[in-house]
Structure formats: structure tokens, C-alpha cells
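What follows is my_file.cif (mmCIF, C-alpha atoms).
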data_entry
#
loop_
_atom_site.label_atom_id
_atom_site.label_comp_id
_atom_site.auth_asym_id
_atom_site.auth_seq_id
_atom_site.Cartn_x
_atom_site.Cartn_y
_atom_site.Cartn_z
CA MET A 1 -0.30 -5.68 -27.66
CA LEU A 2 -2.44 -4.24 -24.86
CA PHE A 3 -0.42 -6.09 -22.22
CA LYS A 4 2.85 -4.62 -23.53
CA ARG A 5 1.24 -1.18 -23.80
CA GLU A 6 0.23 -1.29 -20.14
CA LEU A 7 3.62 -2.59 -19.06
CA LYS A 8 5.32 0.36 -20.74
CA ARG A 9 2.80 2.89 -19.40
CA ASN A 10 3.28 1.83 -15.77
CA LEU A 11 7.02 1.15 -15.88
CA LYS A 12 8.19 4.60 -14.71
CA SER A 13 6.00 4.73 -11.59
CA PHE A 14 7.02 1.15 -10.80
CA LEU A 15 10.73 2.00 -10.94
CA VAL A 16 10.34 5.15 -8.85
CA THR A 17 8.36 3.28 -6.20
CA ILE A 18 10.77 0.37 -5.83
CA LEU A 19 13.80 2.71 -5.75
CA ILE A 20 12.35 4.90 -3.00
CA CYS A 21 10.97 2.06 -0.86
CA GLY A 22 14.06 -0.07 -1.42
CA PHE A 23 16.35 2.76 -0.36
CA MET A 24 14.29 3.35 2.79
CA ILE A 25 14.55 -0.30 3.80
CA VAL A 26 18.29 -0.64 3.14
CA TRP A 27 19.11 2.67 4.85
CA VAL A 28 17.01 2.04 7.97
CA VAL A 29 18.31 -1.48 8.56
CA SER A 30 21.93 -0.37 8.01
CA MET A 31 21.51 2.51 10.49
CA SER A 32 19.97 0.33 13.22
CA LYS A 33 23.25 -0.47 15.00
CA LYS A 34 24.46 3.15 14.98
CA MET A 35 21.25 4.84 16.07
CA GLY A 36 19.83 2.16 18.36
CA PRO A 37 20.86 3.72 21.70
CA ASP A 38 19.61 7.20 20.76
CA ILE A 39 16.46 6.72 18.71
CA LYS A 40 14.17 5.95 21.65
CA THR A 41 15.21 9.16 23.41
CA ILE A 42 14.59 11.16 20.24
CA LEU A 43 11.15 9.62 19.74
CA ASP A 44 10.13 10.28 23.35
CA LEU A 45 11.07 13.94 22.94
CA LYS A 46 9.35 14.43 19.60
CA PHE A 47 6.32 12.13 19.83
CA PRO A 48 3.89 11.79 22.77
CA GLY A 49 2.82 8.26 23.69
CA PRO A 50 -0.46 8.30 21.69
CA LEU A 51 1.33 9.47 18.55
CA GLN A 52 3.95 6.75 18.93
CA GLU A 53 1.08 4.28 19.12
CA ALA A 54 -0.59 5.79 16.06
CA PHE A 55 2.56 5.58 13.97
CA GLY A 56 3.44 2.08 15.12
CA MET A 57 6.41 3.13 17.26
CA ALA A 58 5.14 1.99 20.65
CA ASN A 59 6.61 -0.93 22.62
CA LEU A 60 9.58 -1.40 20.32
CA ASP A 61 13.05 -2.40 21.47
CA PHE A 62 15.30 -0.17 19.41
CA GLY A 63 18.31 -2.19 20.37
CA SER A 64 17.33 -4.61 17.61
CA ALA A 65 17.24 -4.12 13.84
CA LYS A 66 13.73 -5.53 13.60
CA SER A 67 12.42 -2.57 15.63
CA PHE A 68 13.95 -0.16 13.14
CA PHE A 69 12.33 -2.18 10.41
CA ALA A 70 9.00 -1.88 12.23
CA LEU A 71 9.54 1.86 12.59
CA ILE A 72 9.73 2.37 8.84
CA PHE A 73 6.82 0.02 8.15
CA SER A 74 4.02 2.62 8.26
CA TYR A 75 5.86 5.10 6.03
CA ILE A 76 6.44 2.47 3.36
CA TYR A 77 2.82 1.37 3.79
CA LEU A 78 1.66 4.96 3.14
CA PHE A 79 3.90 5.37 0.09
CA LEU A 80 2.81 2.06 -1.40
CA ALA A 81 -0.86 2.88 -0.80
CA ILE A 82 -0.53 6.20 -2.62
CA TYR A 83 1.29 4.54 -5.52
CA ILE A 84 -1.05 1.62 -6.13
CA ALA A 85 -4.24 3.60 -5.46
CA GLY A 86 -3.14 6.18 -8.03
CA VAL A 87 -2.51 3.42 -10.58
CA PHE A 88 -5.86 1.71 -10.01
CA ALA A 89 -7.75 5.01 -9.92
CA THR A 90 -6.58 5.92 -13.42
CA ILE A 91 -6.40 2.46 -14.92
CA MET A 92 -9.69 2.98 -16.77
CA SER A 93 -10.70 6.55 -16.03
CA LYS A 94 -7.63 7.85 -17.90
CA GLU A 95 -8.90 6.15 -21.05
CA PHE A 96 -12.26 7.89 -20.64
CA SER A 97 -10.92 11.34 -19.73
CA ASP A 98 -8.29 11.22 -22.53
CA LYS A 99 -11.00 10.07 -24.96
CA THR A 100 -9.06 6.95 -25.91
CA ALA A 101 -11.69 4.58 -24.52
CA GLU A 102 -13.67 4.70 -27.78
CA TYR A 103 -10.67 3.42 -29.73
CA LEU A 104 -9.75 0.89 -27.05
CA PHE A 105 -13.23 -0.62 -26.93
CA SER A 106 -13.46 -0.70 -30.73
CA LEU A 107 -10.62 -3.23 -30.89
CA PRO A 108 -11.62 -6.83 -31.75
CA VAL A 109 -11.20 -7.78 -28.09
CA PRO A 110 -14.00 -8.16 -25.51
CA ARG A 111 -14.27 -5.25 -23.10
CA PHE A 112 -13.98 -7.74 -20.23
CA ARG A 113 -10.57 -8.83 -21.48
CA ILE A 114 -9.37 -5.24 -21.91
CA ILE A 115 -10.23 -4.30 -18.33
CA ALA A 116 -8.89 -7.59 -16.96
CA THR A 117 -5.59 -7.11 -18.82
CA LYS A 118 -5.13 -3.58 -17.50
CA LEU A 119 -5.88 -4.74 -13.95
CA SER A 120 -3.55 -7.72 -14.24
CA VAL A 121 -0.61 -5.55 -15.36
CA SER A 122 -1.05 -3.17 -12.43
CA LEU A 123 -1.42 -6.08 -10.03
CA LEU A 124 1.68 -7.75 -11.51
CA TYR A 125 3.78 -4.64 -10.96
CA PHE A 126 2.59 -4.31 -7.37
CA VAL A 127 3.27 -7.96 -6.56
CA VAL A 128 6.76 -7.64 -8.09
CA ILE A 129 7.39 -4.57 -5.90
CA ILE A 130 6.40 -6.53 -2.78
CA ILE A 131 8.61 -9.47 -3.78
CA LEU A 132 11.59 -7.20 -4.47
CA MET A 133 11.10 -5.44 -1.14
CA PHE A 134 11.01 -8.82 0.60
CA PHE A 135 14.37 -9.79 -0.89
CA LEU A 136 15.88 -6.35 -0.27
CA SER A 137 14.82 -6.62 3.37
CA TRP A 138 16.26 -10.12 3.58
CA ILE A 139 19.59 -9.03 2.07
CA SER A 140 19.76 -5.96 4.33
CA PHE A 141 19.26 -8.07 7.43
CA ALA A 142 21.77 -10.68 6.25
CA MET A 143 24.42 -8.00 5.64
CA ASN A 144 23.89 -6.04 8.85
CA ILE A 145 22.83 -8.62 11.41
CA LYS A 146 25.58 -11.06 12.33
CA GLY A 147 23.35 -13.36 14.34
CA SER A 148 20.26 -15.21 13.18
CA PHE A 149 17.13 -13.31 12.20
CA ASP A 150 13.56 -14.43 11.63
CA LEU A 151 12.31 -14.28 8.05
CA LYS A 152 8.78 -14.53 9.40
CA LEU A 153 8.78 -10.82 10.29
CA ILE A 154 9.78 -9.82 6.74
CA THR A 155 7.11 -12.15 5.35
CA LEU A 156 4.41 -10.68 7.62
CA PHE A 157 5.36 -7.11 6.72
CA SER A 158 5.28 -7.99 3.02
CA LEU A 159 1.82 -9.58 3.34
CA ALA A 160 0.54 -6.55 5.26
CA TRP A 161 1.83 -4.19 2.55
CA LEU A 162 0.25 -6.37 -0.12
CA ILE A 163 -3.20 -6.66 1.50
CA GLY A 164 -3.32 -3.08 2.73
CA GLY A 165 -2.14 -1.67 -0.59
CA LEU A 166 -4.69 -3.68 -2.55
CA VAL A 167 -7.48 -2.50 -0.25
CA PHE A 168 -6.73 1.11 -1.16
CA ALA A 169 -6.22 0.16 -4.81
CA SER A 170 -9.60 -1.58 -5.05
CA LEU A 171 -11.37 1.33 -3.34
CA ALA A 172 -9.73 3.77 -5.77
CA PHE A 173 -10.80 1.59 -8.69
CA LEU A 174 -14.36 1.49 -7.36
CA ILE A 175 -14.52 5.26 -6.89
CA SER A 176 -13.14 5.85 -10.39
CA SER A 177 -15.97 3.76 -11.85
CA PHE A 178 -18.45 6.38 -10.62
CA PHE A 179 -16.46 9.26 -12.15
CA PRO A 180 -14.83 7.74 -15.26
CA TYR A 181 -14.37 11.10 -17.00
CA SER A 182 -12.82 12.89 -14.03
CA LYS A 183 -9.19 13.93 -14.50
CA SER A 184 -8.81 14.53 -10.76
CA ILE A 185 -9.72 11.01 -9.65
CA SER A 186 -6.09 10.29 -8.78
CA SER A 187 -6.10 13.27 -6.40
CA VAL A 188 -9.32 12.00 -4.85
CA SER A 189 -7.66 8.65 -4.12
CA VAL A 190 -4.70 10.39 -2.45
CA ILE A 191 -7.08 12.45 -0.31
CA LEU A 192 -8.89 9.26 0.74
CA ILE A 193 -5.59 7.69 1.80
CA MET A 194 -4.48 10.74 3.77
CA VAL A 195 -7.85 10.93 5.53
CA MET A 196 -7.49 7.26 6.52
CA TYR A 197 -3.91 7.90 7.65
CA MET A 198 -4.97 10.83 9.84
CA LEU A 199 -7.90 8.83 11.16
CA GLN A 200 -5.55 6.35 12.82
CA ILE A 201 -3.98 9.25 14.74
CA VAL A 202 -7.39 10.50 15.89
CA ILE A 203 -8.34 6.98 17.00
CA ALA A 204 -5.07 6.57 18.90
CA VAL A 205 -5.57 9.74 20.97
CA ASN A 206 -9.27 9.10 21.68
CA ASP A 207 -10.24 5.76 23.21
CA LYS A 208 -13.93 6.43 22.51
CA LEU A 209 -13.26 6.06 18.78
CA ASP A 210 -11.64 2.65 19.10
CA ASN A 211 -14.39 0.95 17.05
CA LEU A 212 -13.43 3.08 14.06
CA LYS A 213 -10.32 0.91 13.66
CA TYR A 214 -12.36 -1.23 11.29
CA ILE A 215 -12.63 1.74 8.91
CA SER A 216 -8.96 2.64 8.48
CA PRO A 217 -6.68 0.01 6.88
CA PHE A 218 -3.73 1.81 8.48
CA ASP A 219 -5.06 0.66 11.84
CA TRP A 220 -5.28 -2.94 10.67
CA PHE A 221 -1.54 -3.33 10.22
CA LYS A 222 1.00 -1.56 12.44
CA GLY A 223 4.69 -2.24 12.49
CA SER A 224 5.01 -2.41 16.28
CA GLU A 225 2.06 -4.79 16.68
CA ILE A 226 3.31 -7.12 13.95
CA ALA A 227 6.85 -7.11 15.38
CA ASN A 228 5.65 -7.80 18.93
CA THR A 229 3.05 -10.46 18.14
CA MET A 230 4.76 -11.90 15.06
CA SER A 231 1.35 -12.29 13.44
CA LEU A 232 -1.30 -10.51 11.40
CA ASP A 233 -4.80 -10.06 12.76
CA THR A 234 -6.96 -12.64 10.97
CA THR A 235 -10.12 -10.54 11.25
CA TYR A 236 -8.53 -7.54 9.57
CA CYS A 237 -7.01 -9.73 6.85
CA LEU A 238 -10.43 -11.22 6.09
CA ILE A 239 -12.02 -7.76 6.03
CA GLY A 240 -9.29 -6.61 3.65
CA VAL A 241 -9.79 -9.54 1.26
CA PHE A 242 -13.56 -8.97 1.34
CA VAL A 243 -13.17 -5.25 0.54
CA ILE A 244 -10.78 -6.04 -2.32
CA ILE A 245 -13.06 -8.62 -3.94
CA VAL A 246 -16.27 -6.60 -3.59
CA SER A 247 -14.74 -3.29 -4.72
CA ILE A 248 -13.04 -4.81 -7.77
CA ALA A 249 -16.19 -6.75 -8.72
CA ILE A 250 -18.47 -3.71 -8.51
CA GLY A 251 -15.98 -1.41 -10.25
CA PHE A 252 -15.40 -4.01 -12.97
CA ARG A 253 -19.15 -4.37 -13.56
CA ARG A 254 -19.64 -0.61 -13.76
CA PHE A 255 -16.86 -0.17 -16.33
CA LEU A 256 -18.28 -3.00 -18.41
CA LYS A 257 -21.55 -1.09 -18.65
CA SER A 258 -20.08 2.43 -18.97
CA ASP A 259 -21.06 4.41 -22.05
CA VAL A 260 -18.26 5.95 -24.08
CA LEU A 261 -19.11 9.53 -24.94
CA ILE A 262 -17.96 10.72 -28.36
#
Turn the structure described in the file into C-alpha cells.
Amino acid sequence: MLFKRELKRNLKSFLVTILICGFMIVWVVSMSKKMGPDIKTILDLKFPGPLQEAFGMANLDFGSAKSFFALIFSYIYLFLAIYIAGVFATIMSKEFSDKTAEYLFSLPVPRFRIIATKLSVSLLYFVVIIILMFFLSWISFAMNIKGSFDLKLITLFSLAWLIGGLVFASLAFLISSFFPYSKSISSVSVILIMVMYMLQIVIAVNDKLDNLKYISPFDWFKGSEIANTMSLDTTYCLIGVFVIIVSIAIGFRRFLKSDVLI
């Protein structure tokens, strides 16, 4: 019952997210052949070198579709981060702020199972989004690129979206465990993401702040770097997995011990 309830509750945001991100992927890949000769000139006029680096536009060959794909990477990354962080931020705090937690925890089901079920539904939706985006990317390349193309790039982008998105999701879940009755926790998670997004720009224009790259997940995965190296940085991936596990574990423990005010 709870699993179906959570599936229904999160269905609308899931559909909106996959429609927007899917459209962006299909549109960008389809436009690559038409805009290839002009896009580099436009970017050079509108974005200084440091900003191109910050947004993952640097060192890309826009004569190829994969460069267009890399160009859209950071924007999809940002949208996915906002979506999944908002879901995880309210996954339990909404029950507390709406005063439905008392009823939920009175059901003949262990609190551990309730929280785990709600987390698993949100995680399931996010994984399905990533899988659908992988196949949409694959189909878009197959339809628009007559020659061979490397599925490895699509796979790497999908993994980066998955790890990066879950980092923000776990942090939002952790923060919400400290303010379970706050109705603005979703806004707090969005602010956190935007601060991290702006931080990558500050780091890109100031070499002295280079060490701060470890703080912002947007600096861990950049479209241009992934496209050029055809790999993900192992260190950043390990940091991301560590942050996810620790944040979920602490947030989970806090919600297990949270008092339900009547």
C-alpha cells in the first residue's frame, strides 16, 4: 500500500522531469549538424574562456554531435539535481510538516520499513529517468549520426548524472532530517544546488580556489572533460559514493529517532 502511495505521489514530477530532459537531449542532438559551424563562434562571443570552462564548453569540437551532447550535459545535470534533491528533501519532512507522520508511524509496519520504502520509490524513479535518458540519447544518435558512434560516452554521462544527482539528493535528505517540520526545506535544497552551481564558476575564474573543486559536485563531472577523456574521475566518483552513503545513513538514523509532535 505504501509503495503504491509513493509511486502515485511522485509520478507527476517524474513525468515532467523525463519529458523536459528527454526533449533537451533529442533537440540538441538533432540540431548538431545544422548548428555545428556556427555554435563555436556564438559561444566565443557570448562566453569568455573561463565561463566556457565553468559550464563545460571548453575544448569541444562542435563539428561532432558528441560535443553538442557534452554542451547540454551540465544543464541536464542541474535540472536533475534540482528534481531529485527536492524529492529527497520532502520525502519524510512533508509527512512531519503536513502532520501525517503520526498516522504513518502508527501503521503496523516498522518505521525502518516505512522510510526505506519511501527512499526506494524515489530512487527507483530516478534510476528509471537515467535509463530512459540513456536510451533516448542512444536513439537520437542512431537517427542523426550516419556513421558509428561510441555508446561509452552516453554511458559515462548517464553514470555522472546518476552519481551527481544522488549526491545532492542524499545531502537534501540529510538536511531535512535536522528540520523535519520545515515546509521550506525543498527551497533550501534548491538554494544549496544553486550555490554549488555558482561555485564552479567562481573556481573556474580564480585559480587560487582550485582546491574547492572537491566541494562542488558540479566540478566533479563536466561534459567537456568527460567527452575529451572518455572517462570519469575515479577520485570524485569515490567521494560521491562516500557522501551518498554517509548522508543517507545519518539522515535515516535521525528520522528513525525523530519525535512526532501531536
Quick one: apply the PyMOL selection byres ((chain A and resi 195) around 12) to the file and drop the selected residues here as an MDAnalysis selection string. chainID A and resid 78 82 168 188:194 196:202 215:218
Now that the selection is made, can you save its residues with C-alpha atoms as a compact mmCIF listing (two decimals), in the coordinates of the input?
# COMPACT_ATOMS: atom_id res chain seq x y z
CA LEU A 78 1.66 4.96 3.14
CA ILE A 82 -0.53 6.20 -2.62
CA PHE A 168 -6.73 1.11 -1.16
CA VAL A 188 -9.32 12.00 -4.85
CA SER A 189 -7.66 8.65 -4.12
CA VAL A 190 -4.70 10.39 -2.45
CA ILE A 191 -7.08 12.45 -0.31
CA LEU A 192 -8.89 9.26 0.74
CA ILE A 193 -5.59 7.69 1.80
CA MET A 194 -4.48 10.74 3.77
CA MET A 196 -7.49 7.26 6.52
CA TYR A 197 -3.91 7.90 7.65
CA MET A 198 -4.97 10.83 9.84
CA LEU A 199 -7.90 8.83 11.16
CA GLN A 200 -5.55 6.35 12.82
CA ILE A 201 -3.98 9.25 14.74
CA VAL A 202 -7.39 10.50 15.89
CA ILE A 215 -12.63 1.74 8.91
CA SER A 216 -8.96 2.64 8.48
CA PRO A 217 -6.68 0.01 6.88
CA PHE A 218 -3.73 1.81 8.48
Target residues per the PyMOL selection byres ((chain A and resi 7) around 12), formatted as a PyMOL selection string: chain A and resi 1-6+8-15+91+117-126
Would you export the selected residues with C-alpha atoms as an mmCIF file, in the frame of the given file, please?
data_model
loop_
_atom_site.group_PDB
_atom_site.id
_atom_site.type_symbol
_atom_site.label_atom_id
_atom_site.label_comp_id
_atom_site.auth_asym_id
_atom_site.auth_seq_id
_atom_site.Cartn_x
_atom_site.Cartn_y
_atom_site.Cartn_z
ATOM 1 C CA MET A 1 -0.300 -5.680 -27.660
ATOM 2 C CA LEU A 2 -2.440 -4.240 -24.860
ATOM 3 C CA PHE A 3 -0.420 -6.090 -22.220
ATOM 4 C CA LYS A 4 2.850 -4.620 -23.530
ATOM 5 C CA ARG A 5 1.240 -1.180 -23.800
ATOM 6 C CA GLU A 6 0.230 -1.290 -20.140
ATOM 7 C CA LYS A 8 5.320 0.360 -20.740
ATOM 8 C CA ARG A 9 2.800 2.890 -19.400
ATOM 9 C CA ASN A 10 3.280 1.830 -15.770
ATOM 10 C CA LEU A 11 7.020 1.150 -15.880
ATOM 11 C CA LYS A 12 8.190 4.600 -14.710
ATOM 12 C CA SER A 13 6.000 4.730 -11.590
ATOM 13 C CA PHE A 14 7.020 1.150 -10.800
ATOM 14 C CA LEU A 15 10.730 2.000 -10.940
ATOM 15 C CA ILE A 91 -6.400 2.460 -14.920
ATOM 16 C CA THR A 117 -5.590 -7.110 -18.820
ATOM 17 C CA LYS A 118 -5.130 -3.580 -17.500
ATOM 18 C CA LEU A 119 -5.880 -4.740 -13.950
ATOM 19 C CA SER A 120 -3.550 -7.720 -14.240
ATOM 20 C CA VAL A 121 -0.610 -5.550 -15.360
ATOM 21 C CA SER A 122 -1.050 -3.170 -12.430
ATOM 22 C CA LEU A 123 -1.420 -6.080 -10.030
ATOM 23 C CA LEU A 124 1.680 -7.750 -11.510
ATOM 24 C CA TYR A 125 3.780 -4.640 -10.960
ATOM 25 C CA PHE A 126 2.590 -4.310 -7.370
#
Point (3.3, -5.0, 7.9), cut-off 10 Å, counting all atoms listed in the file, residues as a PyMOL selection string: chain A and resi 69-70+72-74+76-77+153-164+218+220-227+231-232
Report the distance between CA of Ser170 (chain A) and CA of Leu212 (chain A) in Å, rounded to one decimal place.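 Between CA of Ser170 (chain A) and CA of Leu212 (chain A) the gap works out to 20.0 Å.
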With all atoms listed in the file as the atoms that count, which of A:Ile25, A:Leu238, A:Ile248, A:Leu166 lies nearest to Tyr75 (chain A)? A:Ile25
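Nearest-residue note for Gly251 (chain A): choosing from A:Asn228, A:Thr235, A:Ser93, A:Ser67, the minimum distance belongs to A:Ser93, counting only C-alpha atoms.
Taking CA of Ile139 (chain A) and CA of Val26 (chain A) as the two end points, the separation is 8.6 Å.
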All file atoms of region 12-26 of chain A boxed axis-aligned, 3 Å per side, centre plus edges, as JSON:
{"center_x": 12.1, "center_y": 2.3, "center_z": -5.5, "size_x": 18.3, "size_y": 11.8, "size_z": 24.5}
What is the distance, in Å and to one decimal place, between CA of Phe88 (chain A) and CA of Phe134 (chain A)?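 One can read the CA of Phe88 (chain A) to CA of Phe134 (chain A) distance as 22.5 Å.
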Closest to Ala116 (chain A) among A:Lys94, A:Lys66, A:Lys208, A:Arg253, using all atoms listed in the file? A:Arg253
Which polymer residues, protein or nucleic acid, are no farther than 10 Å from (-16.9, 4.5, -9.1), counting all atoms listed in the file, as a PyMOL selection string? chain A and resi 89+93+171-180+185+247+250-252+254-255
Under the rule that all atoms listed in the file are counted, which of A:Val167, A:Asp219, A:Ile130, A:Ala204 is the nearest residue to Gly240 (chain A)?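 The answer is A:Val167, which sits nearest to Gly240 (chain A).
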Best match for closeness to Phe23 (chain A) among A:Ala249, A:Ile115, A:Leu132, A:Met92, counting only C-alpha atoms: A:Leu132
Would it be fine to have region 156-192 of chain A, with C-alpha atoms, given as a short mmCIF file (atom, residue, chain, number, x, y, z; two decimals), in the first residue's frame?
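Saved to result.cif:
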data_model
loop_
_atom_site.label_atom_id
_atom_site.label_comp_id
_atom_site.auth_asym_id
_atom_site.auth_seq_id
_atom_site.Cartn_x
_atom_site.Cartn_y
_atom_site.Cartn_z
CA LEU A 156 29.58 7.86 -18.84
CA PHE A 157 27.19 10.81 -18.98
CA SER A 158 24.41 8.65 -17.52
CA LEU A 159 26.65 7.48 -14.66
CA ALA A 160 27.72 11.06 -13.94
CA TRP A 161 24.09 12.20 -13.80
CA LEU A 162 23.24 9.29 -11.52
CA ILE A 163 26.11 9.78 -9.05
CA GLY A 164 25.94 13.57 -9.06
CA GLY A 165 22.18 13.62 -8.67
CA LEU A 166 22.26 11.17 -5.77
CA VAL A 167 24.92 13.25 -4.02
CA PHE A 168 22.58 16.24 -3.97
CA ALA A 169 19.63 14.01 -3.08
CA SER A 170 21.42 12.48 -0.09
CA LEU A 171 22.56 15.89 1.15
CA ALA A 172 18.99 17.21 0.87
CA PHE A 173 17.72 14.17 2.79
CA LEU A 174 20.34 14.74 5.49
CA ILE A 175 19.47 18.44 5.84
CA SER A 176 15.75 17.65 6.03
CA SER A 177 16.41 15.32 8.98
CA PHE A 178 17.53 18.33 11.02
CA PHE A 179 14.42 20.36 10.11
CA PRO A 180 11.67 17.74 9.71
CA TYR A 181 8.85 20.21 10.33
CA SER A 182 10.09 22.87 7.91
CA LYS A 183 7.84 23.48 4.91
CA SER A 184 10.63 25.37 3.14
CA ILE A 185 13.18 22.54 3.16
CA SER A 186 12.68 22.00 -0.58
CA SER A 187 13.65 25.63 -1.21
CA VAL A 188 16.71 25.18 0.98
CA SER A 189 17.83 22.23 -1.16
CA VAL A 190 17.42 24.30 -4.34
CA ILE A 191 19.47 27.12 -2.81
CA LEU A 192 22.21 24.63 -1.91
#
